>>> print(open('structure05.cif').read())   # mmCIF, C-alpha atoms and all ligand atoms
data_my_file
loop_
_atom_site.label_atom_id
_atom_site.label_comp_id
_atom_site.auth_asym_id
_atom_site.auth_seq_id
_atom_site.Cartn_x
_atom_site.Cartn_y
_atom_site.Cartn_z
CA MET A 5 95.38 22.59 34.57
CA ALA A 6 96.77 20.67 31.64
CA ASP A 7 94.14 19.48 29.15
CA ASN A 8 95.65 16.10 28.36
CA CYS A 9 97.10 15.26 31.78
CA ILE A 10 95.50 12.12 33.22
CA PHE A 11 95.84 13.35 36.81
CA CYS A 12 94.31 16.74 35.91
CA LYS A 13 91.41 14.71 34.49
CA ILE A 14 91.08 12.90 37.83
CA VAL A 15 91.12 16.30 39.59
CA ARG A 16 88.29 17.44 37.29
CA SER A 17 86.42 14.12 37.83
CA GLU A 18 86.56 13.46 34.09
CA ILE A 19 87.91 9.98 34.75
CA PRO A 20 87.00 7.95 37.82
CA ALA A 21 89.32 7.25 40.73
CA THR A 22 88.93 5.76 44.18
CA VAL A 23 89.45 8.96 46.14
CA VAL A 24 90.49 8.50 49.79
CA TYR A 25 90.98 12.20 50.62
CA GLN A 26 90.40 15.58 48.97
CA ASP A 27 90.35 19.24 49.84
CA GLU A 28 90.82 22.57 48.01
CA GLN A 29 94.46 21.86 47.29
CA VAL A 30 94.96 18.11 47.23
CA VAL A 31 93.42 14.89 45.89
CA ALA A 32 94.53 11.41 47.03
CA PHE A 33 93.36 8.23 45.33
CA ARG A 34 94.27 4.55 45.05
CA ASP A 35 96.79 3.62 42.35
CA ILE A 36 95.15 1.72 39.48
CA ASN A 37 98.08 -0.75 39.41
CA PRO A 38 99.07 -1.16 43.06
CA ALA A 39 102.67 -2.10 43.87
CA ALA A 40 101.87 -2.83 47.54
CA PRO A 41 98.74 -3.80 49.54
CA THR A 42 98.20 -0.07 50.16
CA HIS A 43 99.23 2.20 47.26
CA ILE A 44 97.83 5.72 47.25
CA LEU A 45 98.81 8.68 45.06
CA ILE A 46 98.75 12.16 46.61
CA ILE A 47 98.61 15.00 44.07
CA PRO A 48 98.08 18.76 44.04
CA ARG A 49 95.00 20.00 42.17
CA GLU A 50 97.35 22.45 40.49
CA HIS A 51 99.34 20.99 37.59
CA ILE A 52 103.03 20.87 38.56
CA GLY A 53 105.16 18.62 36.33
CA SER A 54 107.23 17.00 39.07
CA ALA A 55 109.07 17.77 42.29
CA ALA A 56 111.82 19.23 40.09
CA GLU A 57 109.43 22.12 39.30
CA VAL A 58 108.69 22.98 42.93
CA ASP A 59 109.78 26.58 43.50
CA ALA A 60 109.20 29.27 46.12
CA SER A 61 105.58 29.69 44.99
CA SER A 62 104.76 25.98 45.42
CA ALA A 63 107.05 24.93 48.30
CA LEU A 64 104.28 25.23 50.91
CA LEU A 65 101.97 23.14 48.74
CA ALA A 66 104.67 20.47 48.33
CA GLY A 67 105.08 20.34 52.10
CA TYR A 68 101.32 20.14 52.51
CA LEU A 69 101.27 17.03 50.27
CA VAL A 70 103.70 15.40 52.72
CA GLN A 71 101.50 16.43 55.66
CA ILE A 72 98.44 14.89 54.00
CA ALA A 73 100.42 11.73 53.20
CA ALA A 74 101.20 11.34 56.91
CA GLN A 75 97.50 11.86 57.76
CA ILE A 76 96.42 9.24 55.22
CA ALA A 77 99.06 6.79 56.48
CA LYS A 78 97.43 7.09 59.92
CA GLN A 79 93.96 6.53 58.44
CA GLU A 80 95.24 3.48 56.58
CA LYS A 81 96.88 2.15 59.80
CA LEU A 82 100.37 2.11 58.26
CA VAL A 83 102.25 3.97 60.98
CA GLU A 84 103.11 1.00 63.18
CA GLY A 85 104.37 -1.18 60.34
CA GLY A 86 105.96 1.66 58.42
CA TYR A 87 105.49 2.84 54.88
CA ARG A 88 107.28 4.45 51.97
CA LEU A 89 106.65 7.90 50.51
CA VAL A 90 108.30 8.36 47.12
CA THR A 91 108.15 10.69 44.15
CA ASN A 92 109.68 9.82 40.79
CA ILE A 93 111.25 12.53 38.65
CA GLY A 94 111.91 11.93 34.98
CA ALA A 95 112.66 8.93 32.81
CA ASP A 96 115.48 7.27 34.77
CA ALA A 97 113.27 7.19 37.87
CA GLY A 98 110.36 5.76 35.87
CA GLN A 99 108.04 8.76 36.11
CA SER A 100 105.16 7.92 33.77
CA VAL A 101 102.66 10.67 34.65
CA PRO A 102 104.09 14.21 34.41
CA HIS A 103 101.96 15.67 37.24
CA LEU A 104 103.60 15.84 40.68
CA HIS A 105 102.55 12.93 42.87
CA PHE A 106 103.74 11.16 45.97
CA HIS A 107 103.31 7.39 46.13
CA LEU A 108 102.29 6.20 49.60
CA LEU A 109 103.16 2.50 49.77
CA GLY A 110 102.64 0.15 52.68
CA GLY A 111 101.29 -3.11 53.99
CA ARG A 112 104.33 -5.25 53.23
CA GLN A 113 108.09 -5.20 53.66
CA MET A 114 109.87 -3.46 50.80
CA ALA A 115 113.47 -3.78 49.63
CA TRP A 116 115.86 -0.87 49.54
CA PRO A 117 117.23 0.32 47.19
CA PRO A 118 114.57 -0.32 44.56
CA GLY A 119 115.83 -2.53 41.71
P1 LIG B 1 104.91 7.29 38.17
O1 LIG B 1 105.35 6.11 37.34
O2 LIG B 1 104.70 8.52 37.30
O3 LIG B 1 105.78 7.59 39.36
O4 LIG B 1 103.53 6.88 38.79
C1 LIG B 1 102.33 6.97 38.10
C2 LIG B 1 101.36 6.05 38.78
O5 LIG B 1 100.06 6.39 38.34
C3 LIG B 1 101.56 4.56 38.45
O6 LIG B 1 101.79 3.85 39.67
C4 LIG B 1 100.26 4.16 37.76
O7 LIG B 1 99.82 2.86 38.12
C5 LIG B 1 99.29 5.24 38.23
N1 LIG B 1 98.23 5.55 37.28
C6 LIG B 1 98.37 5.80 35.96
N2 LIG B 1 97.19 6.09 35.40
C7 LIG B 1 96.27 6.01 36.41
C8 LIG B 1 94.86 6.21 36.45
O8 LIG B 1 94.19 6.52 35.47
N3 LIG B 1 94.25 6.05 37.65
C9 LIG B 1 94.94 5.72 38.77
N4 LIG B 1 94.23 5.57 39.91
N5 LIG B 1 96.27 5.53 38.78
C10 LIG B 1 96.93 5.68 37.60
ZN ZN B 2 98.17 17.55 35.49
#
>>> encode(input="structure05.cif", output="C-alpha cells")
Amino acid sequence: MADNCIFCKIVRSEIPATVVYQDEQVVAFRDINPAAPTHILIIPREHIGSAAEVDASSALLAGYLVQIAAQIAKQEKLVEGGYRLVTNIGADAGQSVPHLHFHLLGGRQMAWPPG
C-alpha cells in the first residue's frame, strides 16, 4: 500500500470507482476518462509501481492480471471484435499513475502503432 497512490485509494475504497470485478488479489474498474467505448483498468491490490518492477515474487500475480483481463473481455463481449491490453511504463509511454495497471480497450477499431 502506498498512502498517496490514487489506485491504492481505489483499492481501499477511499475514492469511488465503477468496479466491474474484484477478488483478494485484483480490482478492475472503468477508466474515468475512457479512450474507447470499453476502457477498464485491471490492477493488483498490492502496490507495484509498474510492469518494470515485476520480479519472481510477483510474476504469478502479473500473469493473473492477464487472466482476469481475458475473463473481463468475455464478460464485456469484446472477444469477437477484438480488444487491446496495454500497460504503460514510465514517462515516454505516458504512464500517469505509478501503480501497475493493464488497460483493457475495446468496442472500436484502433490504430497501430499508437501516435
Ligand atoms: P496511465 O496513463 O498511467 O497508463 O493510465 C492511467 C489511467 O488512469 C488513465 O487512463 C486515467 O484516465 C485513469 N485514471 C486516473 N485517475 C483515475 C481515477 O481516479 N479513477 C479512474 N477510474 N481512473 C483514473
Ligand atoms: Zn498504489
>>> residues_around(input="structure05.cif", residues="Ile76 (chain A)", least_positions_apart="2", cutoff="9 Å", atoms="all atoms listed in the file", output="list in words")
Val24, Tyr25, Ala32, Ile44, Gln71, Ile72, Ala73, Ala74, Lys78, Gln79, Glu80, Lys81, Leu82 and Leu108 of chain A
>>> atom_distance(input="structure05.cif", atom1="atom C8 of ligand LIG 1 (chain B)", atom2="CA of Pro117 (chain A)")
25.5 Å
>>> residues_near_ligand(input="structure05.cif", ligand="ligand LIG 1 (chain B)", cutoff="6 Å", atoms="all atoms listed in the file", output="list in words")
Ala21, Arg34, Asp35, Ile36, Asn37, Asn92, Gly98, Gln99, Ser100 and Val101 of chain A
>>> residues_near_ligand(input="structure05.cif", ligand="ligand ZN 2 (chain B)", cutoff="9 Å", atoms="all atoms listed in the file", output="list in words")
Met5, Ala6, Asp7, Asn8, Cys9, Ile10, Phe11, Cys12, Lys13, Ile14, Val15, Ile47, Pro48, Arg49, Glu50, His51, Ile52, Gly53, Val101, Pro102, His103 and Leu104 of chain A
>>> write_last_selection(input="structure05.cif", atoms="C-alpha atoms", output="PDB file, in the frame of the given file")
ATOM      1  CA  MET A   5      95.380  22.590  34.570  1.00  0.00           C
ATOM      2  CA  ALA A   6      96.770  20.670  31.640  1.00  0.00           C
ATOM      3  CA  ASP A   7      94.140  19.480  29.150  1.00  0.00           C
ATOM      4  CA  ASN A   8      95.650  16.100  28.360  1.00  0.00           C
ATOM      5  CA  CYS A   9      97.100  15.260  31.780  1.00  0.00           C
ATOM      6  CA  ILE A  10      95.500  12.120  33.220  1.00  0.00           C
ATOM      7  CA  PHE A  11      95.840  13.350  36.810  1.00  0.00           C
ATOM      8  CA  CYS A  12      94.310  16.740  35.910  1.00  0.00           C
ATOM      9  CA  LYS A  13      91.410  14.710  34.490  1.00  0.00           C
ATOM     10  CA  ILE A  14      91.080  12.900  37.830  1.00  0.00           C
ATOM     11  CA  VAL A  15      91.120  16.300  39.590  1.00  0.00           C
ATOM     12  CA  ILE A  47      98.610  15.000  44.070  1.00  0.00           C
ATOM     13  CA  PRO A  48      98.080  18.760  44.040  1.00  0.00           C
ATOM     14  CA  ARG A  49      95.000  20.000  42.170  1.00  0.00           C
ATOM     15  CA  GLU A  50      97.350  22.450  40.490  1.00  0.00           C
ATOM     16  CA  HIS A  51      99.340  20.990  37.590  1.00  0.00           C
ATOM     17  CA  ILE A  52     103.030  20.870  38.560  1.00  0.00           C
ATOM     18  CA  GLY A  53     105.160  18.620  36.330  1.00  0.00           C
ATOM     19  CA  VAL A 101     102.660  10.670  34.650  1.00  0.00           C
ATOM     20  CA  PRO A 102     104.090  14.210  34.410  1.00  0.00           C
ATOM     21  CA  HIS A 103     101.960  15.670  37.240  1.00  0.00           C
ATOM     22  CA  LEU A 104     103.600  15.840  40.680  1.00  0.00           C
TER      23      LEU A 104
END
>>> closest_residue(input="structure05.cif", among="A:Val31, A:Ala97, A:Val70, A:Val58", to="Gly119 (chain A)", atoms="only C-alpha atoms")
A:Ala97
>>> atom_distance(input="structure05.cif", atom1="CA of Ala66 (chain A)", atom2="CA of Arg112 (chain A)")
26.2 Å
>>> atom_distance(input="structure05.cif", atom1="CA of Phe33 (chain A)", atom2="CA of Ser54 (chain A)")
17.6 Å
>>> residues_around(input="structure05.cif", residues="Leu109 (chain A)", least_positions_apart="3", cutoff="10 Å", atoms="all atoms listed in the file", output="list of chain:residue names")
A:Asp35, A:Pro38, A:Ala39, A:Ala40, A:Pro41, A:Thr42, A:His43, A:Ile44, A:Leu45, A:Ala77, A:Leu82, A:Gly86, A:Tyr87, A:Arg88, A:Leu89, A:Val90, A:Phe106, A:Arg112, A:Gln113, A:Met114
>>> decode(input="structure05.cif", residues="region 26-60 of chain A", atoms="N, CA and C atoms", output="mmCIF file, in the first residue's frame")
data_model
loop_
_atom_site.group_PDB
_atom_site.id
_atom_site.type_symbol
_atom_site.label_atom_id
_atom_site.label_comp_id
_atom_site.auth_asym_id
_atom_site.auth_seq_id
_atom_site.Cartn_x
_atom_site.Cartn_y
_atom_site.Cartn_z
ATOM 1 N N GLN A 26 -13.722 -7.836 -8.748
ATOM 2 C CA GLN A 26 -12.707 -7.801 -7.692
ATOM 3 C C GLN A 26 -12.622 -9.129 -6.992
ATOM 4 N N ASP A 27 -11.417 -9.414 -6.502
ATOM 5 C CA ASP A 27 -11.205 -10.594 -5.657
ATOM 6 C C ASP A 27 -10.079 -10.258 -4.676
ATOM 7 N N GLU A 28 -9.492 -11.244 -4.030
ATOM 8 C CA GLU A 28 -8.485 -10.979 -2.997
ATOM 9 C C GLU A 28 -7.226 -10.330 -3.565
ATOM 10 N N GLN A 29 -6.995 -10.514 -4.838
ATOM 11 C CA GLN A 29 -5.730 -10.044 -5.417
ATOM 12 C C GLN A 29 -5.873 -8.877 -6.389
ATOM 13 N N VAL A 30 -7.049 -8.740 -6.981
ATOM 14 C CA VAL A 30 -7.222 -7.873 -8.143
ATOM 15 C C VAL A 30 -8.462 -7.001 -7.992
ATOM 16 N N VAL A 31 -8.385 -5.763 -8.510
ATOM 17 C CA VAL A 31 -9.573 -4.922 -8.683
ATOM 18 C C VAL A 31 -9.573 -4.431 -10.130
ATOM 19 N N ALA A 32 -10.739 -4.435 -10.770
ATOM 20 C CA ALA A 32 -10.880 -3.909 -12.134
ATOM 21 C C ALA A 32 -12.030 -2.919 -12.131
ATOM 22 N N PHE A 33 -11.790 -1.772 -12.754
ATOM 23 C CA PHE A 33 -12.794 -0.691 -12.728
ATOM 24 C C PHE A 33 -12.713 0.115 -14.016
ATOM 25 N N ARG A 34 -13.794 0.843 -14.318
ATOM 26 C CA ARG A 34 -13.845 1.615 -15.563
ATOM 27 C C ARG A 34 -12.966 2.865 -15.451
ATOM 28 N N ASP A 35 -12.225 3.135 -16.528
ATOM 29 C CA ASP A 35 -11.361 4.319 -16.573
ATOM 30 C C ASP A 35 -12.225 5.579 -16.514
ATOM 31 N N ILE A 36 -11.782 6.555 -15.732
ATOM 32 C CA ILE A 36 -12.556 7.785 -15.540
ATOM 33 C C ILE A 36 -12.580 8.637 -16.814
ATOM 34 N N ASN A 37 -11.620 8.409 -17.709
ATOM 35 C CA ASN A 37 -11.503 9.201 -18.943
ATOM 36 C C ASN A 37 -11.329 8.232 -20.119
ATOM 37 N N PRO A 38 -12.415 7.534 -20.488
ATOM 38 C CA PRO A 38 -12.263 6.412 -21.413
ATOM 39 C C PRO A 38 -11.741 6.809 -22.790
ATOM 40 N N ALA A 39 -10.820 5.997 -23.308
ATOM 41 C CA ALA A 39 -10.227 6.212 -24.627
ATOM 42 C C ALA A 39 -10.855 5.292 -25.671
ATOM 43 N N ALA A 40 -11.851 4.529 -25.274
ATOM 44 C CA ALA A 40 -12.565 3.616 -26.185
ATOM 45 C C ALA A 40 -13.922 3.342 -25.536
ATOM 46 N N PRO A 41 -14.900 2.826 -26.307
ATOM 47 C CA PRO A 41 -16.228 2.567 -25.725
ATOM 48 C C PRO A 41 -16.155 1.699 -24.461
ATOM 49 N N THR A 42 -15.269 0.709 -24.460
ATOM 50 C CA THR A 42 -14.987 -0.047 -23.235
ATOM 51 C C THR A 42 -13.541 0.230 -22.844
ATOM 52 N N HIS A 43 -13.335 0.739 -21.637
ATOM 53 C CA HIS A 43 -11.972 1.040 -21.156
ATOM 54 C C HIS A 43 -11.941 0.721 -19.667
ATOM 55 N N ILE A 44 -11.316 -0.406 -19.359
ATOM 56 C CA ILE A 44 -11.277 -0.921 -17.989
ATOM 57 C C ILE A 44 -9.820 -1.029 -17.558
ATOM 58 N N LEU A 45 -9.554 -0.691 -16.300
ATOM 59 C CA LEU A 45 -8.213 -0.817 -15.727
ATOM 60 C C LEU A 45 -8.202 -2.011 -14.783
ATOM 61 N N ILE A 46 -7.191 -2.859 -14.933
ATOM 62 C CA ILE A 46 -7.055 -4.056 -14.104
ATOM 63 C C ILE A 46 -5.793 -3.886 -13.272
ATOM 64 N N ILE A 47 -5.939 -3.882 -11.952
ATOM 65 C CA ILE A 47 -4.800 -3.577 -11.070
ATOM 66 C C ILE A 47 -4.683 -4.628 -9.971
ATOM 67 N N PRO A 48 -3.457 -4.844 -9.485
ATOM 68 C CA PRO A 48 -3.297 -5.675 -8.285
ATOM 69 C C PRO A 48 -3.627 -4.850 -7.048
ATOM 70 N N ARG A 49 -4.176 -5.492 -6.015
ATOM 71 C CA ARG A 49 -4.386 -4.778 -4.745
ATOM 72 C C ARG A 49 -3.050 -4.326 -4.162
ATOM 73 N N GLU A 50 -2.037 -5.149 -4.366
ATOM 74 C CA GLU A 50 -0.691 -4.825 -3.891
ATOM 75 C C GLU A 50 -0.119 -3.678 -4.726
ATOM 76 N N HIS A 51 0.558 -2.742 -4.072
ATOM 77 C CA HIS A 51 1.177 -1.639 -4.825
ATOM 78 C C HIS A 51 2.473 -2.104 -5.469
ATOM 79 N N ILE A 52 2.451 -2.156 -6.810
ATOM 80 C CA ILE A 52 3.641 -2.435 -7.628
ATOM 81 C C ILE A 52 3.719 -1.252 -8.593
ATOM 82 N N GLY A 53 4.885 -0.627 -8.722
ATOM 83 C CA GLY A 53 4.975 0.634 -9.454
ATOM 84 C C GLY A 53 4.630 0.542 -10.918
ATOM 85 N N SER A 54 5.057 -0.530 -11.556
ATOM 86 C CA SER A 54 4.774 -0.743 -12.984
ATOM 87 C C SER A 54 5.207 -2.156 -13.327
ATOM 88 N N ALA A 55 4.988 -2.530 -14.590
ATOM 89 C CA ALA A 55 5.424 -3.861 -15.035
ATOM 90 C C ALA A 55 6.944 -3.996 -14.969
ATOM 91 N N ALA A 56 7.654 -2.867 -14.959
ATOM 92 C CA ALA A 56 9.117 -2.919 -14.846
ATOM 93 C C ALA A 56 9.556 -3.444 -13.481
ATOM 94 N N GLU A 57 8.658 -3.406 -12.495
ATOM 95 C CA GLU A 57 9.003 -3.863 -11.137
ATOM 96 C C GLU A 57 8.549 -5.292 -10.866
ATOM 97 N N VAL A 58 7.967 -5.940 -11.882
ATOM 98 C CA VAL A 58 7.537 -7.332 -11.684
ATOM 99 C C VAL A 58 8.786 -8.211 -11.578
ATOM 100 N N ASP A 59 8.865 -8.966 -10.495
ATOM 101 C CA ASP A 59 10.004 -9.859 -10.278
ATOM 102 C C ASP A 59 9.474 -11.258 -9.966
ATOM 103 N N ALA A 60 10.364 -12.141 -9.529
ATOM 104 C CA ALA A 60 9.957 -13.534 -9.307
ATOM 105 C C ALA A 60 8.821 -13.625 -8.284
#
